[in-house]
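Engineer: Supplied structure: query05.cif, mmCIF, C-alpha atoms.
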data_start
#
loop_
_atom_site.group_PDB
_atom_site.id
_atom_site.type_symbol
_atom_site.label_atom_id
_atom_site.label_comp_id
_atom_site.auth_asym_id
_atom_site.auth_seq_id
_atom_site.Cartn_x
_atom_site.Cartn_y
_atom_site.Cartn_z
ATOM 1 C CA MET A 12 -7.733 -2.728 -3.239
ATOM 2 C CA VAL A 13 -5.579 -1.574 -6.141
ATOM 3 C CA GLU A 14 -5.648 2.230 -6.209
ATOM 4 C CA GLU A 15 -6.151 4.232 -9.404
ATOM 5 C CA LEU A 16 -3.672 7.115 -9.789
ATOM 6 C CA ASP A 17 -3.250 10.271 -11.823
ATOM 7 C CA VAL A 18 0.053 11.583 -13.229
ATOM 8 C CA LYS A 19 1.170 13.523 -10.136
ATOM 9 C CA GLU A 20 0.392 10.678 -7.722
ATOM 10 C CA PHE A 21 2.055 8.176 -10.049
ATOM 11 C CA ASP A 22 5.269 10.211 -10.354
ATOM 12 C CA GLU A 23 5.504 10.562 -6.564
ATOM 13 C CA LEU A 24 4.881 6.862 -5.978
ATOM 14 C CA ILE A 25 7.346 5.364 -8.462
ATOM 15 C CA SER A 26 10.235 7.320 -6.975
ATOM 16 C CA GLY A 27 9.609 5.692 -3.583
ATOM 17 C CA GLU A 28 11.408 2.804 -1.903
ATOM 18 C CA LYS A 29 9.093 -0.056 -2.871
ATOM 19 C CA PRO A 30 8.706 -1.435 -6.386
ATOM 20 C CA VAL A 31 5.466 -0.369 -8.087
ATOM 21 C CA VAL A 32 3.351 -2.717 -10.210
ATOM 22 C CA CYS A 33 1.101 -0.697 -12.511
ATOM 23 C CA ASP A 34 -1.858 -1.959 -14.537
ATOM 24 C CA PHE A 35 -2.393 0.392 -17.497
ATOM 25 C CA PHE A 36 -6.043 -0.017 -18.532
ATOM 26 C CA ALA A 37 -9.165 1.598 -19.987
ATOM 27 C CA THR A 38 -12.754 1.228 -18.814
ATOM 28 C CA TRP A 39 -13.944 0.085 -22.267
ATOM 29 C CA CYS A 40 -11.295 -2.669 -22.596
ATOM 30 C CA GLY A 41 -12.644 -6.221 -22.165
ATOM 31 C CA PRO A 42 -9.325 -7.917 -21.357
ATOM 32 C CA CYS A 43 -8.598 -5.091 -18.878
ATOM 33 C CA LYS A 44 -11.849 -5.877 -17.053
ATOM 34 C CA MET A 45 -10.848 -9.556 -16.921
ATOM 35 C CA LEU A 46 -7.370 -8.701 -15.601
ATOM 36 C CA ALA A 47 -8.542 -6.362 -12.814
ATOM 37 C CA PRO A 48 -9.663 -9.093 -10.340
ATOM 38 C CA VAL A 49 -6.514 -11.096 -11.130
ATOM 39 C CA MET A 50 -4.328 -8.124 -10.215
ATOM 40 C CA GLU A 51 -6.331 -7.604 -7.005
ATOM 41 C CA LYS A 52 -5.460 -11.175 -5.942
ATOM 42 C CA VAL A 53 -1.821 -10.787 -6.957
ATOM 43 C CA ALA A 54 -1.645 -7.532 -4.977
ATOM 44 C CA GLU A 55 -2.791 -9.433 -1.875
ATOM 45 C CA SER A 56 -0.059 -12.048 -2.440
ATOM 46 C CA PHE A 57 2.674 -9.401 -2.579
ATOM 47 C CA GLU A 58 1.330 -7.094 0.133
ATOM 48 C CA GLY A 59 4.226 -5.289 1.797
ATOM 49 C CA LYS A 60 6.673 -6.219 -1.001
ATOM 50 C CA ALA A 61 5.319 -3.923 -3.731
ATOM 51 C CA VAL A 62 2.720 -1.233 -4.325
ATOM 52 C CA PHE A 63 -0.002 -2.095 -6.850
ATOM 53 C CA VAL A 64 -1.731 0.679 -8.783
ATOM 54 C CA LYS A 65 -3.839 1.258 -11.884
ATOM 55 C CA VAL A 66 -3.620 4.014 -14.488
ATOM 56 C CA ASP A 67 -6.530 4.728 -16.842
ATOM 57 C CA VAL A 68 -4.834 5.552 -20.159
ATOM 58 C CA ASP A 69 -7.844 7.598 -21.308
ATOM 59 C CA LYS A 70 -7.671 9.861 -18.236
ATOM 60 C CA ASN A 71 -3.855 9.968 -18.191
ATOM 61 C CA PRO A 72 -2.612 9.928 -21.805
ATOM 62 C CA GLU A 73 0.632 11.618 -20.718
ATOM 63 C CA LEU A 74 1.662 8.484 -18.812
ATOM 64 C CA ALA A 75 0.638 6.207 -21.691
ATOM 65 C CA VAL A 76 2.828 8.223 -24.082
ATOM 66 C CA ARG A 77 5.724 8.459 -21.608
ATOM 67 C CA TYR A 78 5.913 4.669 -21.193
ATOM 68 C CA GLY A 79 5.026 3.705 -24.768
ATOM 69 C CA VAL A 80 1.712 2.089 -23.912
ATOM 70 C CA MET A 81 0.321 1.282 -27.370
ATOM 71 C CA SER A 82 -1.951 -1.607 -26.347
ATOM 72 C CA ILE A 83 -3.717 -2.558 -23.132
ATOM 73 C CA PRO A 84 -3.856 -4.152 -20.650
ATOM 74 C CA LEU A 85 -0.191 -3.573 -19.963
ATOM 75 C CA VAL A 86 1.323 -4.412 -16.587
ATOM 76 C CA ALA A 87 4.594 -2.658 -15.781
ATOM 77 C CA VAL A 88 7.018 -2.930 -12.873
ATOM 78 C CA PHE A 89 8.867 0.214 -11.780
ATOM 79 C CA LYS A 90 11.931 0.233 -9.522
ATOM 80 C CA GLY A 91 13.657 3.384 -8.359
ATOM 81 C CA GLY A 92 11.521 5.509 -10.657
ATOM 82 C CA GLU A 93 12.485 3.511 -13.765
ATOM 83 C CA LEU A 94 10.523 1.046 -15.875
ATOM 84 C CA ALA A 95 12.052 -2.368 -15.077
ATOM 85 C CA ALA A 96 9.708 -4.772 -16.906
ATOM 86 C CA LYS A 97 6.397 -4.918 -18.725
ATOM 87 C CA THR A 98 4.025 -7.477 -20.165
ATOM 88 C CA LEU A 99 1.096 -7.033 -22.521
ATOM 89 C CA GLY A 100 -2.321 -8.680 -22.486
ATOM 90 C CA TYR A 101 -4.438 -10.735 -20.141
ATOM 91 C CA MET A 102 -2.644 -13.066 -17.703
ATOM 92 C CA SER A 103 -3.959 -15.799 -15.467
ATOM 93 C CA GLU A 104 -3.355 -15.422 -11.748
ATOM 94 C CA SER A 105 -0.421 -17.874 -11.870
ATOM 95 C CA GLU A 106 1.122 -16.042 -14.861
ATOM 96 C CA ALA A 107 0.700 -12.667 -13.139
ATOM 97 C CA ASN A 108 2.207 -13.995 -9.903
ATOM 98 C CA ALA A 109 5.187 -15.398 -11.830
ATOM 99 C CA PHE A 110 5.702 -12.101 -13.728
ATOM 100 C CA VAL A 111 5.645 -10.029 -10.535
ATOM 101 C CA GLU A 112 7.843 -12.489 -8.606
ATOM 102 C CA LYS A 113 10.435 -12.514 -11.396
ATOM 103 C CA ASN A 114 10.572 -8.728 -11.655
ATOM 104 C CA LEU A 115 10.478 -7.501 -8.052
#
Can I see the file as structure tokens?
Structural biologist:
Amino acid sequence: MVEELDVKEFDELISGEKPVVCDFFATWCGPCKMLAPVMEKVAESFEGKAVFVKVDVDKNPELAVRYGVMSIPLVAVFKGGELAAKTLGYMSESEANAFVEKNL
């Protein structure tokens, strides 16, 4: 299960050892709803290699502003507390797997 985080939890997590894959979303966003089960499957594929989380941009606008999230869904990879890569829009499971694999 991909866990939803707030600002404090997010900041603590991205400074950890493992890469973090974050799905920035909103509950009203259709493509975000389509991407959620895809990211759940991708998270299973990379279990132990990365931490997968979600951030609701409506509940956490500070994070959306900090990382320049202008459109959603946006999937970002963080390494060592820094944004390493991001991709915008819906992805198929194979596209999401390839994006995560390339950027871990």
Engineer: Written as a JSON list (two decimals) with C-alpha atoms, in the frame of the given file, which residues does the PyMOL selection byres ((chain A and resi 21) around 10) give for the file shown?
Structural biologist:
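File expr.json, as written:
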[["chain", "number", "residue", "atom", "x", "y", "z"],
["A", 15, "GLU", "CA", -6.15, 4.23, -9.40],
["A", 16, "LEU", "CA", -3.67, 7.12, -9.79],
["A", 17, "ASP", "CA", -3.25, 10.27, -11.82],
["A", 18, "VAL", "CA", 0.05, 11.58, -13.23],
["A", 19, "LYS", "CA", 1.17, 13.52, -10.14],
["A", 20, "GLU", "CA", 0.39, 10.68, -7.72],
["A", 22, "ASP", "CA", 5.27, 10.21, -10.35],
["A", 23, "GLU", "CA", 5.50, 10.56, -6.56],
["A", 24, "LEU", "CA", 4.88, 6.86, -5.98],
["A", 25, "ILE", "CA", 7.35, 5.36, -8.46],
["A", 26, "SER", "CA", 10.24, 7.32, -6.98],
["A", 31, "VAL", "CA", 5.47, -0.37, -8.09],
["A", 33, "CYS", "CA", 1.10, -0.70, -12.51],
["A", 64, "VAL", "CA", -1.73, 0.68, -8.78],
["A", 65, "LYS", "CA", -3.84, 1.26, -11.88],
["A", 66, "VAL", "CA", -3.62, 4.01, -14.49],
["A", 74, "LEU", "CA", 1.66, 8.48, -18.81],
["A", 92, "GLY", "CA", 11.52, 5.51, -10.66]]
Engineer: From the set A:Ala109, A:Val80, A:Ala95, A:Met102, which residue has the shortest atom-to-atom contact distance to Cys43 (chain A), counting only C-alpha atoms?
Structural biologist: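 Selected residue with least distance to Cys43 (chain A): A:Met102.
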Engineer: Identify which of the residues A:Ser82, A:Phe63, A:Val68, A:Lys113 lies closest to Pro30 (chain A), counting all atoms listed in the file when measuring atom-to-atom distances.
Structural biologist: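 Selected residue with least distance to Pro30 (chain A): A:Phe63.
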Engineer: Would you please work out which residue, of A:Val76, A:Leu115, A:Val88, A:Ile83, is nearest to Leu46 (chain A) when using all atoms listed in the file?
Structural biologist: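 Among A:Val76, A:Leu115, A:Val88, A:Ile83, it is A:Ile83 that comes nearest to Leu46 (chain A).
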Engineer: Choose the residue, out of A:Gly27, A:Val32, A:Val53, A:Trp39, that has the smallest atom-to-atom separation from Glu104 (chain A); count only C-alpha atoms.
Structural biologist: A:Val53
Engineer: Between A:Ala75, A:Ala61, A:Ala87, A:Val13, single out the one closest to Lys29 (chain A), counting all atoms listed in the file.
Structural biologist: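 Checking each candidate against Lys29 (chain A), we get A:Ala61 as the closest.
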Engineer: Can you tell me how far CA of Ala96 (chain A) sits from CA of Met50 (chain A), in Å to one decimal?
Structural biologist: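 Going from CA of Ala96 (chain A) over to CA of Met50 (chain A), I get 15.9 Å.
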Engineer: Can you work out which one of A:Glu14, A:Glu58, A:Asp67, A:Glu28 has the shortest atom-to-atom distance to Gly91 (chain A), counting all atoms listed in the file?
Structural biologist: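 Among the listed residues, the smallest separation from Gly91 (chain A) belongs to A:Glu28.
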Engineer: One decimal, in Å: what's the spacing between CA of Glu73 (chain A) and CA of Gly100 (chain A)?
Structural biologist: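 Separation between CA of Glu73 (chain A) and CA of Gly100 (chain A): 20.6 Å.
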Engineer: Measure the distance from CA of Glu51 (chain A) to CA of Arg77 (chain A) in Å and round it to one decimal.
Structural biologist: 24.8 Å
Engineer: Atoms are missing here; could region 86-97 of chain A be completed with all heavy atoms and written as an mmCIF file, in the coordinates of the input?
Structural biologist:
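What follows is the written file result-v7.cif:
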data_model
loop_
_atom_site.group_PDB
_atom_site.id
_atom_site.type_symbol
_atom_site.label_atom_id
_atom_site.label_comp_id
_atom_site.auth_asym_id
_atom_site.auth_seq_id
_atom_site.Cartn_x
_atom_site.Cartn_y
_atom_site.Cartn_z
ATOM 1 N N VAL A 86 0.880 -4.429 -17.978
ATOM 2 C CA VAL A 86 1.323 -4.412 -16.587
ATOM 3 C C VAL A 86 2.816 -4.113 -16.587
ATOM 4 O O VAL A 86 3.584 -4.779 -17.278
ATOM 5 C CB VAL A 86 1.032 -5.746 -15.881
ATOM 6 C CG1 VAL A 86 1.565 -5.735 -14.451
ATOM 7 C CG2 VAL A 86 -0.472 -6.041 -15.881
ATOM 8 N N ALA A 87 3.193 -3.095 -15.834
ATOM 9 C CA ALA A 87 4.594 -2.658 -15.781
ATOM 10 C C ALA A 87 5.084 -2.652 -14.340
ATOM 11 O O ALA A 87 4.328 -2.369 -13.416
ATOM 12 C CB ALA A 87 4.720 -1.263 -16.379
ATOM 13 N N VAL A 88 6.370 -2.973 -14.181
ATOM 14 C CA VAL A 88 7.018 -2.930 -12.873
ATOM 15 C C VAL A 88 8.036 -1.793 -12.907
ATOM 16 O O VAL A 88 8.857 -1.708 -13.823
ATOM 17 C CB VAL A 88 7.726 -4.264 -12.544
ATOM 18 C CG1 VAL A 88 8.453 -4.174 -11.209
ATOM 19 C CG2 VAL A 88 6.729 -5.414 -12.538
ATOM 20 N N PHE A 89 7.954 -0.920 -11.903
ATOM 21 C CA PHE A 89 8.867 0.214 -11.780
ATOM 22 C C PHE A 89 9.708 0.040 -10.520
ATOM 23 O O PHE A 89 9.180 -0.300 -9.462
ATOM 24 C CB PHE A 89 8.084 1.529 -11.683
ATOM 25 C CG PHE A 89 7.325 1.854 -12.930
ATOM 26 C CD1 PHE A 89 6.042 1.369 -13.127
ATOM 27 C CD2 PHE A 89 7.896 2.638 -13.918
ATOM 28 C CE1 PHE A 89 5.338 1.664 -14.290
ATOM 29 C CE2 PHE A 89 7.201 2.943 -15.081
ATOM 30 C CZ PHE A 89 5.921 2.443 -15.266
ATOM 31 N N LYS A 90 11.013 0.274 -10.669
ATOM 32 C CA LYS A 90 11.931 0.233 -9.522
ATOM 33 C C LYS A 90 12.768 1.495 -9.557
ATOM 34 O O LYS A 90 13.336 1.823 -10.601
ATOM 35 C CB LYS A 90 12.850 -0.981 -9.615
ATOM 36 C CG LYS A 90 12.165 -2.308 -9.463
ATOM 37 C CD LYS A 90 13.215 -3.401 -9.536
ATOM 38 C CE LYS A 90 12.603 -4.769 -9.583
ATOM 39 N NZ LYS A 90 13.627 -5.796 -9.828
ATOM 40 N N GLY A 91 12.843 2.176 -8.442
ATOM 41 C CA GLY A 91 13.657 3.384 -8.359
ATOM 42 C C GLY A 91 13.280 4.436 -9.385
ATOM 43 O O GLY A 91 14.129 5.147 -9.896
ATOM 44 N N GLY A 92 12.000 4.511 -9.715
ATOM 45 C CA GLY A 92 11.521 5.509 -10.657
ATOM 46 C C GLY A 92 11.658 5.114 -12.117
ATOM 47 O O GLY A 92 11.245 5.854 -12.997
ATOM 48 N N GLU A 93 12.250 3.944 -12.387
ATOM 49 C CA GLU A 93 12.485 3.511 -13.765
ATOM 50 C C GLU A 93 11.634 2.293 -14.115
ATOM 51 O O GLU A 93 11.393 1.435 -13.262
ATOM 52 C CB GLU A 93 13.960 3.155 -13.952
ATOM 53 C CG GLU A 93 14.916 4.309 -13.727
ATOM 54 C CD GLU A 93 14.758 5.424 -14.742
ATOM 55 O OE1 GLU A 93 14.570 5.132 -15.933
ATOM 56 O OE2 GLU A 93 14.809 6.598 -14.339
ATOM 57 N N LEU A 94 11.240 2.208 -15.377
ATOM 58 C CA LEU A 94 10.523 1.046 -15.875
ATOM 59 C C LEU A 94 11.489 -0.134 -15.908
ATOM 60 O O LEU A 94 12.527 -0.077 -16.556
ATOM 61 C CB LEU A 94 9.977 1.329 -17.279
ATOM 62 C CG LEU A 94 9.257 0.181 -17.977
ATOM 63 C CD1 LEU A 94 8.011 -0.230 -17.209
ATOM 64 C CD2 LEU A 94 8.887 0.581 -19.390
ATOM 65 N N ALA A 95 11.161 -1.206 -15.173
ATOM 66 C CA ALA A 95 12.052 -2.368 -15.077
ATOM 67 C C ALA A 95 11.578 -3.523 -15.949
ATOM 68 O O ALA A 95 12.388 -4.297 -16.454
ATOM 69 C CB ALA A 95 12.157 -2.823 -13.621
ATOM 70 N N ALA A 96 10.252 -3.668 -16.114
ATOM 71 C CA ALA A 96 9.708 -4.772 -16.906
ATOM 72 C C ALA A 96 8.267 -4.464 -17.263
ATOM 73 O O ALA A 96 7.593 -3.694 -16.573
ATOM 74 C CB ALA A 96 9.766 -6.071 -16.109
ATOM 75 N N LYS A 97 7.804 -5.067 -18.377
ATOM 76 C CA LYS A 97 6.397 -4.918 -18.725
ATOM 77 C C LYS A 97 5.932 -6.138 -19.501
ATOM 78 O O LYS A 97 6.721 -6.844 -20.125
ATOM 79 C CB LYS A 97 6.147 -3.639 -19.508
ATOM 80 C CG LYS A 97 6.851 -3.532 -20.839
ATOM 81 C CD LYS A 97 6.585 -2.168 -21.465
ATOM 82 C CE LYS A 97 7.353 -2.007 -22.767
ATOM 83 N NZ LYS A 97 7.114 -0.694 -23.374
#
